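Data block for coords-v2.json (JSON, C-alpha atoms):
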```json
[["chain", "number", "residue", "atom", "x", "y", "z"],
["F", 20, "MET", "CA", -54.29, -39.13, 33.07],
["F", 21, "GLU", "CA", -57.61, -37.68, 34.23],
["F", 22, "ILE", "CA", -57.79, -34.35, 36.08],
["F", 23, "LEU", "CA", -60.99, -33.44, 37.91],
["F", 24, "LYS", "CA", -62.20, -29.92, 37.17],
["F", 25, "ASP", "CA", -61.95, -27.51, 40.08],
["F", 26, "ASN", "CA", -64.86, -25.14, 39.49],
["F", 27, "ASN", "CA", -64.67, -23.77, 43.02],
["F", 28, "ASP", "CA", -64.71, -19.97, 42.62],
["F", 29, "PRO", "CA", -67.58, -19.00, 44.94],
["F", 30, "ASN", "CA", -66.59, -15.34, 45.25],
["F", 31, "GLY", "CA", -65.59, -14.93, 41.63],
["F", 32, "TYR", "CA", -61.95, -14.01, 42.31],
["F", 33, "ALA", "CA", -60.62, -16.17, 39.47],
["F", 34, "PHE", "CA", -63.10, -14.65, 37.03],
["F", 35, "GLU", "CA", -62.24, -11.13, 38.22],
["F", 36, "ASP", "CA", -58.58, -11.93, 37.57],
["F", 37, "ALA", "CA", -59.48, -13.13, 34.05],
["F", 38, "LEU", "CA", -61.48, -9.93, 33.48],
["F", 39, "ALA", "CA", -58.50, -7.75, 34.45],
["F", 40, "LYS", "CA", -56.28, -9.74, 32.07],
["F", 41, "ALA", "CA", -58.79, -9.28, 29.23],
["F", 42, "GLN", "CA", -59.08, -5.54, 29.92],
["F", 43, "TYR", "CA", -55.47, -4.58, 30.50],
["F", 44, "MET", "CA", -52.96, -7.33, 29.79],
["F", 45, "TYR", "CA", -53.67, -9.89, 27.13],
["F", 46, "PRO", "CA", -53.64, -9.11, 23.43],
["F", 47, "LYS", "CA", -56.75, -9.45, 21.31],
["F", 48, "PRO", "CA", -57.89, -13.10, 21.22],
["F", 49, "ARG", "CA", -57.13, -15.23, 18.16],
["F", 50, "ASN", "CA", -60.63, -16.72, 18.22],
["F", 51, "PRO", "CA", -62.68, -14.75, 15.62],
["F", 52, "HIS", "CA", -65.94, -15.50, 17.51],
["F", 53, "ILE", "CA", -64.92, -13.48, 20.58],
["F", 54, "HIS", "CA", -65.99, -9.86, 20.27],
["F", 55, "THR", "CA", -66.41, -8.43, 23.80],
["F", 56, "ILE", "CA", -64.26, -8.04, 26.89],
["F", 57, "LEU", "CA", -66.61, -10.34, 28.85],
["F", 58, "GLN", "CA", -66.34, -13.04, 26.17],
["F", 59, "HIS", "CA", -62.55, -12.70, 26.24],
["F", 60, "ALA", "CA", -62.55, -12.89, 30.05],
["F", 61, "GLN", "CA", -64.70, -16.03, 29.90],
["F", 62, "GLN", "CA", -62.26, -17.58, 27.41],
["F", 63, "ILE", "CA", -59.32, -16.81, 29.73],
["F", 64, "TYR", "CA", -61.24, -18.10, 32.76],
["F", 65, "ASP", "CA", -62.16, -21.34, 30.98],
["F", 66, "GLY", "CA", -58.61, -21.76, 29.68],
["F", 67, "GLU", "CA", -57.13, -21.31, 33.15],
["F", 68, "LEU", "CA", -59.47, -23.93, 34.61],
["F", 69, "ILE", "CA", -56.95, -26.64, 33.67],
["F", 70, "GLU", "CA", -54.24, -24.78, 35.61],
["F", 71, "ARG", "CA", -56.41, -24.38, 38.71],
["F", 72, "SER", "CA", -57.48, -28.02, 38.50],
["F", 73, "ILE", "CA", -53.95, -29.41, 38.14],
["F", 74, "CYS", "CA", -52.68, -27.34, 41.07],
["F", 75, "LYS", "CA", -55.61, -28.51, 43.21],
["F", 76, "GLN", "CA", -55.20, -32.20, 42.37],
["F", 77, "LEU", "CA", -51.39, -32.43, 42.11],
["F", 78, "PRO", "CA", -49.69, -30.55, 44.98],
["F", 79, "ASP", "CA", -46.26, -30.57, 43.29],
["F", 80, "PHE", "CA", -47.63, -28.13, 40.69],
["F", 81, "LYS", "CA", -48.23, -24.48, 41.54],
["F", 82, "PRO", "CA", -49.40, -21.41, 39.63],
["F", 83, "ILE", "CA", -46.79, -18.93, 38.51],
["F", 84, "ASN", "CA", -47.70, -15.76, 40.39],
["F", 85, "MET", "CA", -45.84, -13.07, 42.34],
["F", 86, "ILE", "CA", -45.89, -14.96, 45.66],
["F", 87, "ASN", "CA", -44.57, -18.18, 44.14],
["F", 88, "CYS", "CA", -41.97, -16.38, 42.00],
["F", 89, "LYS", "CA", -40.56, -14.69, 45.07],
["F", 90, "LYS", "CA", -40.68, -17.91, 47.09],
["F", 91, "TYR", "CA", -39.20, -20.31, 44.51],
["F", 92, "PHE", "CA", -37.51, -18.35, 41.70],
["F", 93, "GLU", "CA", -36.29, -14.94, 42.89],
["F", 94, "GLU", "CA", -32.69, -15.93, 43.66],
["F", 95, "MET", "CA", -32.48, -18.88, 41.28],
["F", 96, "LYS", "CA", -30.63, -18.70, 37.99],
["F", 97, "PRO", "CA", -31.63, -19.08, 35.17],
["F", 98, "TRP", "CA", -35.21, -18.30, 36.23],
["F", 99, "GLU", "CA", -34.72, -14.72, 37.36],
["F", 100, "PHE", "CA", -36.24, -13.59, 34.03],
["F", 101, "LEU", "CA", -39.69, -14.27, 35.55],
["F", 102, "LEU", "CA", -39.39, -11.14, 37.69],
["F", 103, "LYS", "CA", -38.10, -8.89, 34.90],
["F", 104, "THR", "CA", -40.33, -5.90, 34.31],
["F", 105, "LYS", "CA", -41.40, -3.59, 31.54],
["F", 106, "GLU", "CA", -43.45, -0.43, 31.68],
["F", 107, "ARG", "CA", -46.59, 0.06, 29.64],
["F", 108, "LYS", "CA", -48.68, 3.21, 29.38],
["F", 109, "ILE", "CA", -52.44, 2.90, 29.70],
["F", 110, "SER", "CA", -55.04, 5.63, 29.41],
["F", 111, "LYS", "CA", -58.54, 5.81, 30.83],
["F", 112, "GLU", "CA", -61.37, 8.11, 29.88],
["F", 113, "MET", "CA", -62.55, 9.85, 33.05],
["F", 114, "MET", "CA", -65.20, 12.41, 33.97],
["F", 115, "LYS", "CA", -64.91, 15.43, 36.25],
["F", 116, "LYS", "CA", -67.08, 18.41, 37.10],
["F", 117, "ASN", "CA", -65.95, 21.78, 35.86],
["F", 118, "ASN", "CA", -68.09, 24.76, 36.91],
["F", 119, "GLY", "CA", -71.04, 22.43, 37.53],
["F", 120, "ALA", "CA", -70.80, 20.63, 34.14],
["F", 121, "TRP", "CA", -69.32, 17.21, 33.56],
["F", 122, "GLU", "CA", -66.42, 17.03, 31.14],
["F", 123, "THR", "CA", -64.31, 14.20, 29.81],
["F", 124, "TYR", "CA", -60.59, 13.96, 30.33],
["F", 125, "TYR", "CA", -57.99, 11.26, 29.81],
["F", 126, "GLU", "CA", -55.80, 9.96, 32.58],
["F", 127, "GLU", "CA", -52.57, 8.24, 31.62],
["F", 128, "LYS", "CA", -50.38, 6.19, 33.86],
["F", 129, "ASN", "CA", -47.48, 3.80, 33.58],
["F", 130, "VAL", "CA", -48.14, 0.27, 34.74],
["F", 131, "THR", "CA", -45.52, -2.34, 35.48],
["F", 132, "GLU", "CA", -45.78, -5.76, 33.92],
["F", 133, "TRP", "CA", -43.76, -8.69, 35.15],
["F", 134, "GLU", "CA", -42.68, -11.46, 32.80],
["F", 135, "TYR", "CA", -44.27, -14.13, 35.03],
["F", 136, "MET", "CA", -47.75, -12.75, 34.27],
["F", 137, "TYR", "CA", -47.76, -14.59, 30.93],
["F", 138, "TYR", "CA", -46.86, -18.02, 32.33],
["F", 139, "ASP", "CA", -49.09, -20.80, 33.63],
["F", 140, "ILE", "CA", -47.80, -23.34, 36.17],
["F", 141, "PHE", "CA", -44.56, -24.91, 37.35],
["F", 142, "HIS", "CA", -43.44, -28.19, 38.87],
["F", 143, "VAL", "CA", -41.95, -27.48, 42.30],
["F", 144, "PRO", "CA", -39.29, -30.26, 42.53],
["F", 145, "THR", "CA", -37.76, -29.45, 39.12],
["F", 146, "LEU", "CA", -38.85, -25.80, 38.72],
["F", 147, "SER", "CA", -40.00, -26.73, 35.23],
["F", 148, "ILE", "CA", -42.27, -24.15, 33.59],
["F", 149, "ILE", "CA", -45.33, -25.65, 31.92],
["F", 150, "GLU", "CA", -47.69, -24.07, 29.40],
["F", 151, "CYS", "CA", -51.20, -25.56, 29.56],
["F", 152, "LYS", "CA", -53.52, -25.87, 26.56],
["F", 153, "THR", "CA", -57.01, -27.32, 26.41],
["F", 154, "TYR", "CA", -58.90, -28.44, 23.34],
["F", 155, "ASP", "CA", -62.30, -29.85, 22.38],
["F", 156, "SER", "CA", -61.40, -31.45, 19.05],
["F", 157, "ASP", "CA", -58.44, -32.80, 17.11],
["F", 158, "GLU", "CA", -58.52, -29.61, 15.02],
["F", 159, "GLY", "CA", -58.15, -27.52, 18.21],
["F", 160, "ARG", "CA", -55.18, -29.63, 19.32],
["F", 161, "LYS", "CA", -53.50, -29.22, 15.92],
["F", 162, "ALA", "CA", -54.12, -25.45, 16.00],
["F", 163, "HIS", "CA", -52.36, -25.21, 19.38],
["F", 164, "LEU", "CA", -49.39, -27.23, 18.08],
["F", 165, "GLN", "CA", -49.08, -25.01, 15.00],
["F", 166, "HIS", "CA", -49.36, -21.82, 17.07],
["F", 167, "ILE", "CA", -46.59, -22.96, 19.43],
["F", 168, "ARG", "CA", -44.31, -23.95, 16.56],
["F", 169, "GLY", "CA", -45.00, -20.69, 14.75],
["F", 170, "ASN", "CA", -44.26, -18.63, 17.86],
["F", 171, "ASP", "CA", -41.32, -20.50, 19.34],
["F", 172, "TRP", "CA", -39.82, -17.11, 20.42],
["F", 173, "LYS", "CA", -42.88, -16.59, 22.63],
["F", 174, "TYR", "CA", -42.57, -20.02, 24.19],
["F", 175, "LYS", "CA", -38.77, -20.16, 24.42],
["F", 176, "ASN", "CA", -38.79, -20.32, 28.23],
["F", 177, "MET", "CA", -41.29, -23.18, 28.46],
["F", 178, "ASP", "CA", -39.91, -26.50, 29.56],
["F", 179, "TYR", "CA", -43.07, -28.44, 28.75],
["F", 180, "PHE", "CA", -46.44, -28.10, 27.05],
["F", 181, "LEU", "CA", -49.37, -29.90, 28.63],
["F", 182, "PHE", "CA", -52.38, -30.61, 26.41],
["F", 183, "ALA", "CA", -55.69, -31.62, 27.95],
["F", 184, "LEU", "CA", -58.87, -32.76, 26.24],
["F", 185, "ASN", "CA", -61.94, -31.01, 27.63],
["F", 186, "LYS", "CA", -63.60, -34.35, 28.29],
["F", 187, "ASP", "CA", -66.88, -33.41, 29.98],
["F", 188, "GLU", "CA", -68.26, -31.13, 32.71],
["F", 189, "LYS", "CA", -66.29, -32.95, 35.40],
["F", 190, "SER", "CA", -62.85, -33.71, 34.01],
["F", 191, "PHE", "CA", -59.98, -33.14, 31.62],
["F", 192, "GLU", "CA", -57.81, -35.86, 30.13],
["F", 193, "ILE", "CA", -54.12, -35.03, 29.80],
["F", 194, "THR", "CA", -53.26, -36.36, 26.36],
["F", 195, "ASP", "CA", -49.84, -34.83, 25.67],
["F", 196, "PHE", "CA", -46.87, -33.73, 27.74],
["F", 197, "LEU", "CA", -44.39, -32.27, 25.25],
["F", 198, "SER", "CA", -41.15, -30.35, 25.03],
["F", 199, "LEU", "CA", -39.91, -28.38, 22.04],
["F", 200, "ASN", "CA", -36.37, -29.07, 20.88],
["F", 201, "GLY", "CA", -33.91, -26.75, 19.15],
["F", 202, "SER", "CA", -35.15, -27.93, 15.73],
["F", 203, "ASN", "CA", -38.69, -26.76, 16.61],
["F", 204, "GLN", "CA", -39.87, -30.38, 16.89],
["F", 205, "PHE", "CA", -42.00, -31.76, 19.71],
["F", 206, "LYS", "CA", -40.80, -34.58, 21.92],
["F", 207, "ASN", "CA", -43.37, -36.62, 23.85],
["F", 208, "HIS", "CA", -42.84, -37.29, 27.58],
["F", 209, "ASN", "CA", -44.69, -39.50, 30.03],
["F", 210, "ILE", "CA", -46.27, -37.19, 32.61],
["F", 211, "ALA", "CA", -46.78, -40.04, 35.10],
["F", 212, "GLU", "CA", -43.04, -40.76, 35.06],
["F", 213, "PHE", "CA", -42.29, -37.04, 35.29],
["F", 214, "ILE", "CA", -44.46, -36.66, 38.41],
["F", 215, "GLU", "CA", -42.67, -39.60, 40.05],
["F", 216, "LEU", "CA", -39.22, -37.94, 39.66]]
```

Taking this structure as input, can you express it in the form of structure tokens?
Amino acid sequence: MEILKDNNDPNGYAFEDALAKAQYMYPKPRNPHIHTILQHAQQIYDGELIERSICKQLPDFKPINMINCKKYFEEMKPWEFLLKTKERKISKEMMKKNNGAWETYYEEKNVTEWEYMYYDIFHVPTLSIIECKTYDSDEGRKAHLQHIRGNDWKYKNMDYFLFALNKDEKSFEITDFLSLNGSNQFKNHNIAEFIEL
């Protein structure tokens, strides 16, 4: 199945969101070629392009965000985990004037993280949670599969894994729609049949 890329971000809101994730939320990237916050933000932004594109082209899919969690999941078991929170302390180096001279001080504050912040998209009719992965080569696809299998605790709440080949500047090709069973083995599903449910 081909998905047209939705590069429509004229005011840069999606990139700004990726920048905030790179600065404050996401762990250090696994890619050894990414060294700066801006490079990490670009990687996140490019990775989330498949999510934005699917939600634009297929209206039964929506991003997992606060508004959608409250609308679709808040009162629904067993999905209430999406709105579970944890506190994390962050510190920022700040400057202030003291008797006419600038001095450095550190400001610490607790920030709240919601579980949903680490999830991609969901299918509205079934409330299935879907992790999206893109790749440019067969090696990239295999690396994603190995990472998911090796971190099944991290992906335990995913119903499906969608893999898309970064085909060209205009489109992705969905090549795999998988679930992970209790034996840590992937099962292939037909996404076209799933959408028709």

Within 12 Å of file point (-48.7, -15.6, 32.7), counting all atoms listed in the file, expressed as a short mmCIF file (atom, residue, chain, number, x, y, z; two decimals) with C-alpha atoms, keeping the file's coordinate frame:
```cif
data_model
loop_
_atom_site.label_atom_id
_atom_site.label_comp_id
_atom_site.auth_asym_id
_atom_site.auth_seq_id
_atom_site.Cartn_x
_atom_site.Cartn_y
_atom_site.Cartn_z
CA ASP F 36 -58.58 -11.93 37.57
CA ALA F 37 -59.48 -13.13 34.05
CA LYS F 40 -56.28 -9.74 32.07
CA MET F 44 -52.96 -7.33 29.79
CA TYR F 45 -53.67 -9.89 27.13
CA ILE F 63 -59.32 -16.81 29.73
CA GLU F 67 -57.13 -21.31 33.15
CA GLU F 70 -54.24 -24.78 35.61
CA PRO F 82 -49.40 -21.41 39.63
CA ILE F 83 -46.79 -18.93 38.51
CA ASN F 84 -47.70 -15.76 40.39
CA MET F 85 -45.84 -13.07 42.34
CA CYS F 88 -41.97 -16.38 42.00
CA LEU F 101 -39.69 -14.27 35.55
CA LEU F 102 -39.39 -11.14 37.69
CA GLU F 132 -45.78 -5.76 33.92
CA TRP F 133 -43.76 -8.69 35.15
CA GLU F 134 -42.68 -11.46 32.80
CA TYR F 135 -44.27 -14.13 35.03
CA MET F 136 -47.75 -12.75 34.27
CA TYR F 137 -47.76 -14.59 30.93
CA TYR F 138 -46.86 -18.02 32.33
CA ASP F 139 -49.09 -20.80 33.63
CA ILE F 140 -47.80 -23.34 36.17
CA PHE F 141 -44.56 -24.91 37.35
CA ILE F 148 -42.27 -24.15 33.59
CA ILE F 149 -45.33 -25.65 31.92
CA GLU F 150 -47.69 -24.07 29.40
CA CYS F 151 -51.20 -25.56 29.56
CA LYS F 173 -42.88 -16.59 22.63
CA TYR F 174 -42.57 -20.02 24.19
CA ASN F 176 -38.79 -20.32 28.23
CA MET F 177 -41.29 -23.18 28.46
#
```

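Atom CA of F:Ile167 sits 23.5 Å away from atom CA of F:Ile214.
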
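The space between atom CA of F:Lys115 and atom CA of F:Ala39 spans 24.1 Å.
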
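Closest approach to F:Asn129 among F:Lys186, F:Phe205, F:Ser72, F:Tyr43: F:Tyr43, based on all atoms listed in the file.
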
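Distance check against F:Gly159 using only C-alpha atoms: of F:Thr55, F:Thr104, F:Asn50, F:Gln62, the minimum falls on F:Asn50.
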
Pick from F:Tyr154, F:Tyr91, F:Trp98, F:Tyr32, whichever lies nearest to F:Asp187 using all atoms listed in the file: F:Tyr154

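Going from atom CA of F:Ile73 to atom CA of F:Leu23 covers 8.1 Å.
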
Listed atoms of stretch 85-97 of chain F boxed along x, y and z, 6 Å each side, centre and edge lengths in Å, one decimal, as JSON:
```
{"center_x": -38.3, "center_y": -16.7, "center_z": 41.1, "size_x": 27.3, "size_y": 19.2, "size_z": 23.9}
```

Answer as a VMD selection string, residues within 12 Å of (-58.3, -38.8, 22.9) using all atoms listed in the file: chain F and resid 20 to 21 154 to 157 160 182 to 186 191 to 195

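Using only C-alpha atoms, the shortest contact distance between F:Asp65 and any of F:Glu215, F:Asp28, F:Glu94, F:Glu158 is found at F:Asp28.
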
Model the absent atoms of stretch 100-111 of chain F so that all heavy atoms are present, and write the result as a compact mmCIF listing (two decimals), in the coordinates of the input.
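The resulting part.txt:
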```txt
# COMPACT_ATOMS: atom_id res chain seq x y z
N PHE F 100 -35.52 -14.33 35.08
CA PHE F 100 -36.24 -13.59 34.03
C PHE F 100 -37.72 -13.44 34.38
O PHE F 100 -38.39 -12.51 33.91
CB PHE F 100 -36.10 -14.27 32.67
CG PHE F 100 -36.85 -15.56 32.55
CD1 PHE F 100 -38.18 -15.58 32.15
CD2 PHE F 100 -36.24 -16.77 32.86
CE1 PHE F 100 -38.88 -16.76 32.05
CE2 PHE F 100 -36.92 -17.96 32.76
CZ PHE F 100 -38.25 -17.96 32.36
N LEU F 101 -38.27 -14.33 35.20
CA LEU F 101 -39.69 -14.27 35.55
C LEU F 101 -40.06 -12.97 36.25
O LEU F 101 -41.19 -12.51 36.16
CB LEU F 101 -40.09 -15.46 36.43
CG LEU F 101 -40.17 -16.81 35.73
CD1 LEU F 101 -40.30 -17.93 36.75
CD2 LEU F 101 -41.32 -16.83 34.74
N LEU F 102 -39.11 -12.37 36.95
CA LEU F 102 -39.39 -11.14 37.69
C LEU F 102 -38.88 -9.90 36.96
O LEU F 102 -38.87 -8.81 37.52
CB LEU F 102 -38.82 -11.22 39.11
CG LEU F 102 -39.62 -12.17 40.01
CD1 LEU F 102 -38.86 -12.52 41.26
CD2 LEU F 102 -40.98 -11.58 40.36
N LYS F 103 -38.47 -10.06 35.71
CA LYS F 103 -38.10 -8.89 34.90
C LYS F 103 -39.36 -8.08 34.61
O LYS F 103 -40.44 -8.63 34.46
CB LYS F 103 -37.43 -9.31 33.59
CG LYS F 103 -35.99 -9.73 33.78
CD LYS F 103 -35.29 -9.88 32.47
CE LYS F 103 -33.82 -10.19 32.74
NZ LYS F 103 -33.12 -10.56 31.54
N THR F 104 -39.17 -6.77 34.50
CA THR F 104 -40.33 -5.90 34.31
C THR F 104 -40.20 -5.08 33.04
O THR F 104 -39.12 -4.90 32.48
CB THR F 104 -40.48 -4.91 35.49
OG1 THR F 104 -39.31 -4.10 35.55
CG2 THR F 104 -40.68 -5.64 36.80
N LYS F 105 -41.36 -4.59 32.61
CA LYS F 105 -41.40 -3.59 31.54
C LYS F 105 -42.54 -2.65 31.86
O LYS F 105 -43.52 -3.04 32.53
CB LYS F 105 -41.55 -4.23 30.16
CG LYS F 105 -42.81 -5.00 29.95
CD LYS F 105 -42.83 -5.64 28.57
CE LYS F 105 -44.06 -6.52 28.43
NZ LYS F 105 -44.07 -7.29 27.22
N GLU F 106 -42.41 -1.43 31.42
CA GLU F 106 -43.45 -0.43 31.68
C GLU F 106 -44.35 -0.31 30.45
O GLU F 106 -43.88 -0.39 29.32
CB GLU F 106 -42.82 0.94 31.97
CG GLU F 106 -41.96 0.96 33.22
CD GLU F 106 -42.75 0.74 34.49
OE1 GLU F 106 -43.82 1.37 34.65
OE2 GLU F 106 -42.31 -0.07 35.33
N ARG F 107 -45.63 -0.14 30.72
CA ARG F 107 -46.59 0.06 29.64
C ARG F 107 -47.51 1.20 30.04
O ARG F 107 -47.90 1.32 31.20
CB ARG F 107 -47.39 -1.22 29.41
CG ARG F 107 -48.28 -1.16 28.19
CD ARG F 107 -48.64 -2.55 27.71
NE ARG F 107 -49.33 -3.33 28.70
CZ ARG F 107 -50.66 -3.34 28.86
NH1 ARG F 107 -51.41 -2.58 28.10
NH2 ARG F 107 -51.23 -4.10 29.76
N LYS F 108 -47.82 2.06 29.09
CA LYS F 108 -48.68 3.21 29.38
C LYS F 108 -50.11 2.84 29.05
O LYS F 108 -50.39 2.30 27.98
CB LYS F 108 -48.24 4.42 28.56
CG LYS F 108 -48.96 5.71 28.93
CD LYS F 108 -48.35 6.90 28.23
CE LYS F 108 -47.04 7.24 28.90
NZ LYS F 108 -46.47 8.51 28.44
N ILE F 109 -51.02 3.10 29.98
CA ILE F 109 -52.44 2.90 29.70
C ILE F 109 -53.17 4.21 29.92
O ILE F 109 -52.73 5.05 30.71
CB ILE F 109 -53.08 1.79 30.57
CG1 ILE F 109 -53.01 2.11 32.06
CG2 ILE F 109 -52.46 0.44 30.29
CD1 ILE F 109 -53.86 1.20 32.91
N SER F 110 -54.26 4.41 29.21
CA SER F 110 -55.04 5.63 29.41
C SER F 110 -56.49 5.25 29.66
O SER F 110 -56.99 4.25 29.13
CB SER F 110 -54.94 6.56 28.19
OG SER F 110 -55.46 5.94 27.05
N LYS F 111 -57.14 6.04 30.50
CA LYS F 111 -58.54 5.81 30.83
C LYS F 111 -59.31 7.10 30.59
O LYS F 111 -58.83 8.18 30.90
CB LYS F 111 -58.68 5.42 32.31
CG LYS F 111 -58.13 4.06 32.64
CD LYS F 111 -58.05 3.84 34.13
CE LYS F 111 -59.42 3.63 34.74
NZ LYS F 111 -59.35 3.30 36.17
```
